[in-house]
file upload07.cif (mmCIF, C-alpha atoms)
data_structure
loop_
_atom_site.label_atom_id
_atom_site.label_comp_id
_atom_site.auth_asym_id
_atom_site.auth_seq_id
_atom_site.Cartn_x
_atom_site.Cartn_y
_atom_site.Cartn_z
CA MET A 1 97.87 23.66 143.24
CA LEU A 2 94.55 24.40 144.94
CA ILE A 3 93.43 27.94 145.75
CA SER A 4 90.52 28.55 148.08
CA SER A 5 88.86 31.81 149.09
CA GLY A 6 86.13 32.97 151.35
CA ASN A 7 84.20 36.22 151.43
CA SER A 8 85.70 39.57 150.52
CA GLY A 9 88.51 40.42 152.88
CA SER A 10 89.39 36.83 153.69
CA VAL A 11 92.90 35.59 153.15
CA TYR A 12 93.60 33.32 150.22
CA VAL A 13 95.21 30.04 151.17
CA ILE A 14 97.47 28.30 148.70
CA TYR A 15 98.19 24.61 149.09
CA HIS A 16 101.32 23.22 147.54
CA LYS A 17 102.74 19.78 147.12
CA LEU A 18 106.43 19.58 147.78
CA SER A 19 108.19 17.72 145.02
CA ILE A 20 111.65 17.83 146.60
CA ILE A 21 112.84 15.43 149.24
CA ASN A 22 116.38 15.14 150.51
CA GLY A 23 117.39 12.47 148.02
CA MET A 24 116.23 14.56 145.05
CA ILE A 25 118.21 17.70 145.78
CA ASN A 26 121.20 17.66 143.47
CA LYS A 27 121.94 21.24 142.46
CA VAL A 28 121.87 24.70 144.01
CA SER A 29 121.56 27.79 141.83
CA ILE A 30 123.07 31.04 143.08
CA VAL A 31 121.28 33.98 141.42
CA ILE A 32 123.33 37.19 141.35
CA PRO A 33 121.70 40.41 140.09
CA VAL A 34 124.40 42.84 138.93
CA TYR A 35 124.11 46.58 138.35
CA ASN A 36 127.21 48.77 138.19
CA GLU A 37 129.38 46.49 140.32
CA GLU A 38 132.55 46.39 138.20
CA ASN A 39 134.73 46.79 141.30
CA THR A 40 133.25 43.92 143.31
CA VAL A 41 131.69 41.41 140.91
CA GLU A 42 134.80 39.26 140.37
CA LYS A 43 135.53 39.17 144.09
CA ILE A 44 132.04 37.98 144.95
CA ILE A 45 131.94 35.43 142.13
CA SER A 46 135.29 34.01 143.26
CA LYS A 47 133.89 33.63 146.78
CA VAL A 48 130.68 32.05 145.47
CA ARG A 49 132.61 29.57 143.32
CA GLY A 50 134.68 28.51 146.33
CA ALA A 51 131.80 28.34 148.81
CA ASP A 52 130.82 25.07 150.49
CA VAL A 53 127.33 23.98 149.38
CA LEU A 54 127.22 20.67 151.24
CA GLY A 55 128.37 18.63 148.26
CA LEU A 56 125.64 19.82 145.88
CA GLU A 57 126.34 20.73 142.28
CA LYS A 58 126.67 24.51 141.99
CA GLU A 59 125.26 26.76 139.28
CA ILE A 60 126.02 30.50 139.22
CA VAL A 61 123.46 32.61 137.35
CA CYS A 62 124.44 36.26 136.84
CA VAL A 63 121.97 38.80 135.47
CA ASN A 64 123.41 42.11 134.31
CA ASP A 65 120.69 44.74 134.74
CA CYS A 66 121.86 46.97 131.88
CA SER A 67 124.83 48.32 133.82
CA THR A 68 126.34 51.61 132.66
CA ASP A 69 129.86 50.69 133.82
CA SER A 70 131.93 47.72 132.62
CA SER A 71 130.04 45.09 134.63
CA LYS A 72 128.70 43.39 131.49
CA GLU A 73 132.15 43.08 129.94
CA VAL A 74 133.62 41.83 133.23
CA LEU A 75 130.92 39.15 133.51
CA GLU A 76 131.47 38.00 129.93
CA THR A 77 135.20 37.71 130.59
CA LEU A 78 134.63 35.80 133.83
CA ALA A 79 132.05 33.39 132.39
CA PRO A 80 134.48 30.72 131.11
CA LYS A 81 136.84 31.13 134.07
CA TYR A 82 134.16 30.54 136.70
CA ASP A 83 131.65 28.56 134.61
CA LEU A 84 128.97 31.25 134.82
CA SER A 85 125.61 31.51 133.13
CA VAL A 86 125.40 35.21 132.20
CA TYR A 87 122.27 37.02 131.02
CA SER A 88 121.72 40.70 130.27
CA GLN A 89 118.61 42.85 130.53
CA GLU A 90 118.10 45.10 127.51
CA VAL A 91 116.99 47.97 129.75
CA ASN A 92 117.56 48.68 133.41
CA LYS A 93 114.51 47.40 135.29
CA GLY A 94 115.74 46.95 138.84
CA LYS A 95 116.91 44.27 141.25
CA GLY A 96 113.56 42.50 141.44
CA ALA A 97 113.32 42.16 137.67
CA ALA A 98 116.89 40.85 137.47
CA ILE A 99 116.14 38.30 140.19
CA ARG A 100 113.04 37.12 138.33
CA ARG A 101 115.14 36.59 135.22
CA GLY A 102 117.61 34.61 137.30
CA PHE A 103 114.82 32.47 138.73
CA LYS A 104 113.61 31.74 135.21
CA GLU A 105 117.05 30.59 134.08
CA ALA A 106 118.03 28.67 137.24
CA LYS A 107 118.18 24.88 136.96
CA GLY A 108 118.79 23.94 140.59
CA GLU A 109 116.30 22.50 143.04
CA ILE A 110 117.41 25.12 145.59
CA ILE A 111 117.97 28.82 144.89
CA ILE A 112 120.18 31.25 146.81
CA ILE A 113 119.94 35.00 146.15
CA GLN A 114 123.34 36.72 146.32
CA ASP A 115 124.08 40.44 146.00
CA ALA A 116 127.19 41.43 144.03
CA ASP A 117 128.43 44.08 146.46
CA LEU A 118 130.31 42.03 149.08
CA GLU A 119 127.89 42.88 151.91
CA TYR A 120 126.94 39.21 152.32
CA ASN A 121 129.41 36.36 152.77
CA PRO A 122 129.06 33.18 150.63
CA ASP A 123 131.08 31.27 153.24
CA GLU A 124 127.76 31.05 155.11
CA TYR A 125 125.99 29.07 152.36
CA LYS A 126 126.58 25.83 154.21
CA LEU A 127 124.72 27.23 157.23
CA LEU A 128 121.86 28.51 155.07
CA LEU A 129 121.49 25.24 153.17
CA LYS A 130 121.61 22.86 156.11
CA PRO A 131 118.02 23.43 157.36
CA ILE A 132 116.69 22.64 153.86
CA VAL A 133 119.00 19.78 152.86
CA GLU A 134 119.16 18.04 156.23
CA ASP A 135 116.13 19.21 158.20
CA GLY A 136 113.36 19.50 155.60
CA MET A 137 112.76 23.24 155.77
CA ASP A 138 111.30 24.97 152.69
CA VAL A 139 112.85 28.44 153.09
CA VAL A 140 115.74 29.91 155.06
CA TYR A 141 116.21 33.62 155.75
CA GLY A 142 119.65 34.82 156.79
CA SER A 143 119.06 37.42 159.50
CA ARG A 144 121.40 40.35 160.12
CA PHE A 145 119.69 40.96 163.46
CA LEU A 146 119.96 37.49 165.02
CA LEU A 147 123.46 38.34 166.15
CA ALA A 148 125.80 35.56 167.16
CA GLY A 149 129.24 36.58 168.40
CA PRO A 150 131.26 39.63 167.26
CA HIS A 151 129.70 41.69 164.49
CA LYS A 152 130.10 44.94 162.60
CA VAL A 153 128.04 47.76 164.10
CA LEU A 154 125.24 48.83 161.76
CA HIS A 155 123.99 52.35 161.11
CA PHE A 156 121.15 53.18 163.50
CA TRP A 157 118.62 54.63 161.05
CA HIS A 158 119.23 51.94 158.46
CA SER A 159 118.73 49.25 161.09
CA LEU A 160 115.63 50.97 162.47
CA GLY A 161 114.11 51.22 159.00
CA ASN A 162 114.71 47.53 158.31
CA LYS A 163 113.28 46.52 161.67
CA PHE A 164 110.20 48.68 161.14
CA LEU A 165 109.53 47.14 157.71
CA THR A 166 110.03 43.66 159.16
CA LEU A 167 107.61 44.40 162.01
CA LEU A 168 105.00 45.74 159.60
CA SER A 169 105.45 42.73 157.33
CA ASN A 170 105.07 40.37 160.28
CA MET A 171 101.84 42.08 161.31
CA PHE A 172 100.33 41.36 157.89
CA THR A 173 101.83 37.91 157.27
CA ASN A 174 101.63 36.55 160.84
CA LEU A 175 105.26 35.48 160.60
CA SER A 176 107.86 36.30 163.26
CA LEU A 177 110.86 37.12 161.09
CA THR A 178 113.63 39.34 162.42
CA ASP A 179 114.90 40.45 158.98
CA MET A 180 112.42 40.46 156.09
CA GLU A 181 114.63 42.72 153.97
CA THR A 182 117.67 40.43 153.99
CA CYS A 183 119.26 39.50 150.67
CA TYR A 184 119.91 35.94 151.81
CA LYS A 185 116.74 34.06 151.00
CA VAL A 186 117.32 30.38 150.27
CA PHE A 187 114.42 28.25 149.12
CA LYS A 188 113.18 25.27 147.16
CA LYS A 189 112.62 26.38 143.59
CA ASP A 190 109.31 24.53 143.23
CA LEU A 191 107.75 27.05 145.64
CA LEU A 192 107.81 29.57 142.79
CA GLY A 193 105.04 27.59 141.10
CA ASN A 194 102.62 28.89 143.73
CA PHE A 195 102.71 32.55 142.70
CA ASP A 196 103.90 35.17 140.24
CA LEU A 197 106.27 37.99 141.17
CA HIS A 198 105.87 41.54 139.83
CA GLU A 199 108.03 44.05 141.71
CA ASN A 200 110.97 45.35 139.68
CA ARG A 201 113.03 47.07 142.38
CA PHE A 202 113.49 46.41 146.09
CA GLY A 203 109.78 45.79 146.56
CA PHE A 204 110.71 42.22 145.68
CA GLU A 205 111.56 41.51 149.32
CA PRO A 206 108.13 42.23 150.90
CA GLU A 207 106.29 40.81 147.89
CA PHE A 208 108.21 37.54 148.02
CA THR A 209 107.73 37.26 151.78
CA ALA A 210 104.01 38.03 151.64
CA LYS A 211 103.42 35.42 148.96
CA LEU A 212 105.47 32.77 150.73
CA ALA A 213 103.42 33.37 153.89
CA LYS A 214 100.23 32.39 152.05
CA ILE A 215 101.48 28.86 151.33
CA LYS A 216 99.80 26.53 153.76
CA GLY A 217 102.20 24.45 155.83
CA ILE A 218 105.35 26.20 154.60
CA LYS A 219 108.36 25.78 156.88
CA ILE A 220 110.48 28.92 157.18
CA PHE A 221 113.72 29.04 159.16
CA GLU A 222 116.06 31.88 160.19
CA ILE A 223 119.75 31.78 161.00
CA PRO A 224 122.12 34.59 162.02
CA ILE A 225 124.49 35.85 159.33
CA SER A 226 127.27 38.41 159.13
CA TYR A 227 126.77 41.67 157.26
CA ASN A 228 129.44 44.03 155.96
CA HIS A 229 127.31 47.04 155.08
CA ARG A 230 128.53 49.70 152.66
CA SER A 231 127.72 53.39 152.39
CA TYR A 232 126.04 55.30 149.59
CA GLU A 233 129.48 56.68 148.70
CA GLU A 234 130.59 53.07 148.21
CA GLY A 235 127.70 52.34 145.87
CA LYS A 236 124.67 51.43 148.01
CA LYS A 237 121.56 51.89 145.86
CA ILE A 238 118.46 51.52 148.02
CA ASN A 239 116.92 54.81 149.24
CA TRP A 240 114.01 56.23 151.22
CA LYS A 241 111.68 55.99 148.22
CA ASP A 242 112.23 52.23 148.23
CA GLY A 243 111.23 52.22 151.90
CA VAL A 244 107.94 53.92 151.06
CA ARG A 245 107.38 51.45 148.23
CA ALA A 246 108.11 48.58 150.63
CA ILE A 247 105.30 49.73 152.93
CA TYR A 248 102.94 49.80 149.96
CA CYS A 249 104.06 46.33 148.88
CA ILE A 250 103.62 44.87 152.37
CA VAL A 251 99.99 45.98 152.43
CA LYS A 252 99.24 45.23 148.78
CA TYR A 253 100.65 41.73 148.57
CA SER A 254 99.40 40.67 151.98
CA ILE A 255 95.77 41.38 151.09
CA ILE A 256 95.77 40.77 147.34
CA ARG A 257 93.84 37.68 146.34
CA LYS A 258 96.09 36.36 143.60
#

call {"tool": "encode", "arguments": {"input": "upload07.cif", "output": "structure tokens"}}
result
Amino acid sequence: MLISSGNSGSVYVIYHKLSIINGMINKVSIVIPVYNEENTVEKIISKVRGADVLGLEKEIVCVNDCSTDSSKEVLETLAPKYDLSVYSQEVNKGKGAAIRRGFKEAKGEIIIIQDADLEYNPDEYKLLLKPIVEDGMDVVYGSRFLLAGPHKVLHFWHSLGNKFLTLLSNMFTNLSLTDMETCYKVFKKDLLGNFDLHENRFGFEPEFTAKLAKIKGIKIFEIPISYNHRSYEEGKKINWKDGVRAIYCIVKYSIIRK
């Protein structure tokens, strides 16, 4: 990896050498952060296990983020049934920290991030993987706002907040994403060698995007996905404080030099 910099205020450019070509992609790792999802975790794991991944070997990596419900016990019971790799955080650190742990443990050449709350549909893995496996893309974002066909109507203020954060992120990264905050980010694992990740909660999304954008020549693709949003009463965890943190992360990680 080569890092070059100019004067103060200039953008760092990171060059990377892709080590994965189509013939070398054998396994996909699905990383699932879990926090207090005892009611949905088996349903989502069952769907992940049955999902089409274009003939690749499938690894499911679950990270329990010190849940206070029975999620840990459920995962341990499901591990032999669904051939899971299950890891537990000793203290609750947040989604970003759980994802980092999953990245560390993942063995696949491609990684898919999957929430445990049934908002995102694993049946769409085949669509997310195709641009990487068949078309040579490096990263695929599944966009909730590139709507194709019938779809569930989203809450206005939630949608507006996501679109504002995406716009702000695009202004700093010079990308033209439609959904920076999406859970569905699919990418070649070797890209992680270009940077370190630090955000423990939902700041992971803008941090990850900002650092990807600094990789020279990276090929990022978007496809429309479905989205079955849930309410706070149903267990949604992100809040307005995470939105404020996201703004901070967009600015910080877009201008930071390392």

call {"tool": "closest_residue", "arguments": {"input": "upload07.cif", "among": "A:Gly136, A:Gly217, A:Gly243, A:Gly108", "to": "A:Gly203", "atoms": "all atoms listed in the file"}}
result
A:Gly243

call {"tool": "closest_atom_pairs", "arguments": {"input": "upload07.cif", "of": "stretch 18-76 of chain A", "to": "stretch 90-104 of chain A", "cutoff": "9 Å", "atoms": "all atoms listed in the file", "output": "Markdown table"}}
result
| residue | atom | partner | partner_atom | distance |
| --- | --- | --- | --- | --- |
| A:Ser29 | CA | A:Phe103 | CA | 8.8 |
| A:Ile30 | CA | A:Gly102 | CA | 8.7 |
| A:Val31 | CA | A:Gly102 | CA | 5.6 |
| A:Ile32 | CA | A:Ile99 | CA | 7.4 |
| A:Pro33 | CA | A:Ala98 | CA | 5.5 |
| A:Val34 | CA | A:Ala98 | CA | 7.9 |
| A:Tyr35 | CA | A:Lys95 | CA | 8.1 |
| A:Val61 | CA | A:Gly102 | CA | 6.2 |
| A:Cys62 | CA | A:Gly102 | CA | 7.0 |
| A:Val63 | CA | A:Ala98 | CA | 5.8 |
| A:Asn64 | CA | A:Ala98 | CA | 7.4 |
| A:Asp65 | CA | A:Asn92 | CA | 5.2 |
| A:Cys66 | CA | A:Asn92 | CA | 4.9 |
| A:Ser67 | CA | A:Asn92 | CA | 7.3 |

call {"tool": "residues_around", "arguments": {"input": "upload07.cif", "residues": "A:Val53", "least_positions_apart": "4", "cutoff": "8 Å", "atoms": "only C-alpha atoms", "output": "PyMOL selection string"}}
result
chain A and resi 28+57-58+125-126+129

call {"tool": "resolve_selection", "arguments": {"input": "upload07.cif", "expression": "the PyMOL selection byres ((chain A and resi 202) around 10)", "output": "count of residues only"}}
result
22

call {"tool": "closest_residue", "arguments": {"input": "upload07.cif", "among": "A:Asp52, A:Lys43, A:Leu175, A:Asp83", "to": "A:Leu127", "atoms": "all atoms listed in the file"}}
result
A:Asp52

call {"tool": "atom_distance", "arguments": {"input": "upload07.cif", "atom1": "atom CA of A:Thr182", "atom2": "atom CA of A:Lys211"}}
result
15.9 Å

call {"tool": "resolve_selection", "arguments": {"input": "upload07.cif", "expression": "the PyMOL selection byres ((chain A and resi 42) around 10)", "output": "compact mmCIF listing (two decimals) with C-alpha atoms, in the coordinates of the input"}}
result
# COMPACT_ATOMS: atom_id res chain seq x y z
CA GLU A 37 129.38 46.49 140.32
CA GLU A 38 132.55 46.39 138.20
CA ASN A 39 134.73 46.79 141.30
CA THR A 40 133.25 43.92 143.31
CA VAL A 41 131.69 41.41 140.91
CA LYS A 43 135.53 39.17 144.09
CA ILE A 44 132.04 37.98 144.95
CA ILE A 45 131.94 35.43 142.13
CA SER A 46 135.29 34.01 143.26
CA LYS A 47 133.89 33.63 146.78
CA VAL A 48 130.68 32.05 145.47
CA SER A 71 130.04 45.09 134.63
CA VAL A 74 133.62 41.83 133.23
CA LEU A 75 130.92 39.15 133.51
CA THR A 77 135.20 37.71 130.59
CA LEU A 78 134.63 35.80 133.83
CA TYR A 82 134.16 30.54 136.70
CA ALA A 116 127.19 41.43 144.03

call {"tool": "closest_residue", "arguments": {"input": "upload07.cif", "among": "A:Thr68, A:Asn36, A:Asn26, A:Gln114", "to": "A:Val186", "atoms": "all atoms listed in the file"}}
result
A:Gln114

call {"tool": "atom_distance", "arguments": {"input": "upload07.cif", "atom1": "atom CA of A:Ile225", "atom2": "atom CA of A:Lys189"}}
result
21.9 Å

call {"tool": "resolve_selection", "arguments": {"input": "upload07.cif", "expression": "the PyMOL selection byres ((chain A and resi 164) around 12)", "output": "JSON, numbers by chain"}}
result
{"A": [157, 158, 159, 160, 161, 162, 163, 165, 166, 167, 168, 169, 170, 171, 177, 178, 179, 180, 181, 243, 244, 246, 247, 250]}

call {"tool": "build_atoms", "arguments": {"input": "upload07.cif", "residues": "stretch 168-196 of chain A", "atoms": "N, CA and C atoms", "output": "compact mmCIF listing (two decimals), in the frame of the given file"}}
result
# COMPACT_ATOMS: atom_id res chain seq x y z
N LEU A 168 106.22 45.52 160.36
CA LEU A 168 105.00 45.74 159.60
C LEU A 168 104.66 44.51 158.75
N SER A 169 105.66 43.94 158.11
CA SER A 169 105.45 42.73 157.33
C SER A 169 104.92 41.60 158.20
N ASN A 170 105.51 41.42 159.36
CA ASN A 170 105.07 40.37 160.28
C ASN A 170 103.62 40.56 160.71
N MET A 171 103.21 41.80 160.90
CA MET A 171 101.84 42.08 161.31
C MET A 171 100.84 41.62 160.24
N PHE A 172 101.22 41.75 158.98
CA PHE A 172 100.33 41.36 157.89
C PHE A 172 100.44 39.88 157.53
N THR A 173 101.63 39.30 157.69
CA THR A 173 101.83 37.91 157.27
C THR A 173 101.66 36.92 158.41
N ASN A 174 101.68 37.40 159.64
CA ASN A 174 101.63 36.55 160.84
C ASN A 174 102.88 35.68 160.97
N LEU A 175 103.97 36.12 160.38
CA LEU A 175 105.26 35.48 160.60
C LEU A 175 105.98 36.20 161.74
N SER A 176 107.08 35.65 162.20
CA SER A 176 107.86 36.30 163.26
C SER A 176 109.31 36.43 162.83
N LEU A 177 109.51 36.90 161.61
CA LEU A 177 110.86 37.12 161.09
C LEU A 177 111.55 38.25 161.85
N THR A 178 112.87 38.22 161.86
CA THR A 178 113.63 39.34 162.42
C THR A 178 114.26 40.19 161.32
N ASP A 179 114.26 39.71 160.06
CA ASP A 179 114.90 40.45 158.98
C ASP A 179 114.26 40.08 157.64
N MET A 180 113.12 40.70 157.35
CA MET A 180 112.42 40.46 156.09
C MET A 180 113.19 40.97 154.89
N GLU A 181 113.95 42.06 155.08
CA GLU A 181 114.63 42.72 153.97
C GLU A 181 115.98 42.10 153.61
N THR A 182 116.38 41.04 154.27
CA THR A 182 117.67 40.43 153.99
C THR A 182 117.79 39.96 152.54
N CYS A 183 119.00 40.07 152.00
CA CYS A 183 119.26 39.50 150.67
C CYS A 183 119.21 37.98 150.71
N TYR A 184 119.76 37.39 151.77
CA TYR A 184 119.91 35.94 151.81
C TYR A 184 118.57 35.24 152.07
N LYS A 185 117.94 34.89 150.98
CA LYS A 185 116.74 34.06 151.00
C LYS A 185 117.07 32.81 150.21
N VAL A 186 116.98 31.67 150.87
CA VAL A 186 117.32 30.38 150.27
C VAL A 186 116.06 29.53 150.30
N PHE A 187 115.71 28.93 149.17
CA PHE A 187 114.42 28.25 149.12
C PHE A 187 114.37 27.18 148.03
N LYS A 188 113.41 26.30 148.17
CA LYS A 188 113.18 25.27 147.16
C LYS A 188 112.51 25.91 145.95
N LYS A 189 113.09 25.68 144.79
CA LYS A 189 112.62 26.38 143.59
C LYS A 189 111.16 26.07 143.28
N ASP A 190 110.69 24.88 143.60
CA ASP A 190 109.31 24.53 143.23
C ASP A 190 108.28 25.41 143.94
N LEU A 191 108.68 26.13 144.99
CA LEU A 191 107.75 27.05 145.64
C LEU A 191 107.31 28.16 144.70
N LEU A 192 108.15 28.50 143.72
CA LEU A 192 107.81 29.57 142.79
C LEU A 192 106.59 29.24 141.94
N GLY A 193 106.23 27.98 141.86
CA GLY A 193 105.04 27.59 141.10
C GLY A 193 103.74 28.00 141.76
N ASN A 194 103.83 28.49 143.00
CA ASN A 194 102.62 28.89 143.73
C ASN A 194 102.19 30.33 143.49
N PHE A 195 103.05 31.13 142.87
CA PHE A 195 102.71 32.55 142.70
C PHE A 195 103.56 33.17 141.61
N ASP A 196 103.12 34.36 141.16
CA ASP A 196 103.90 35.17 140.24
C ASP A 196 104.48 36.36 141.00
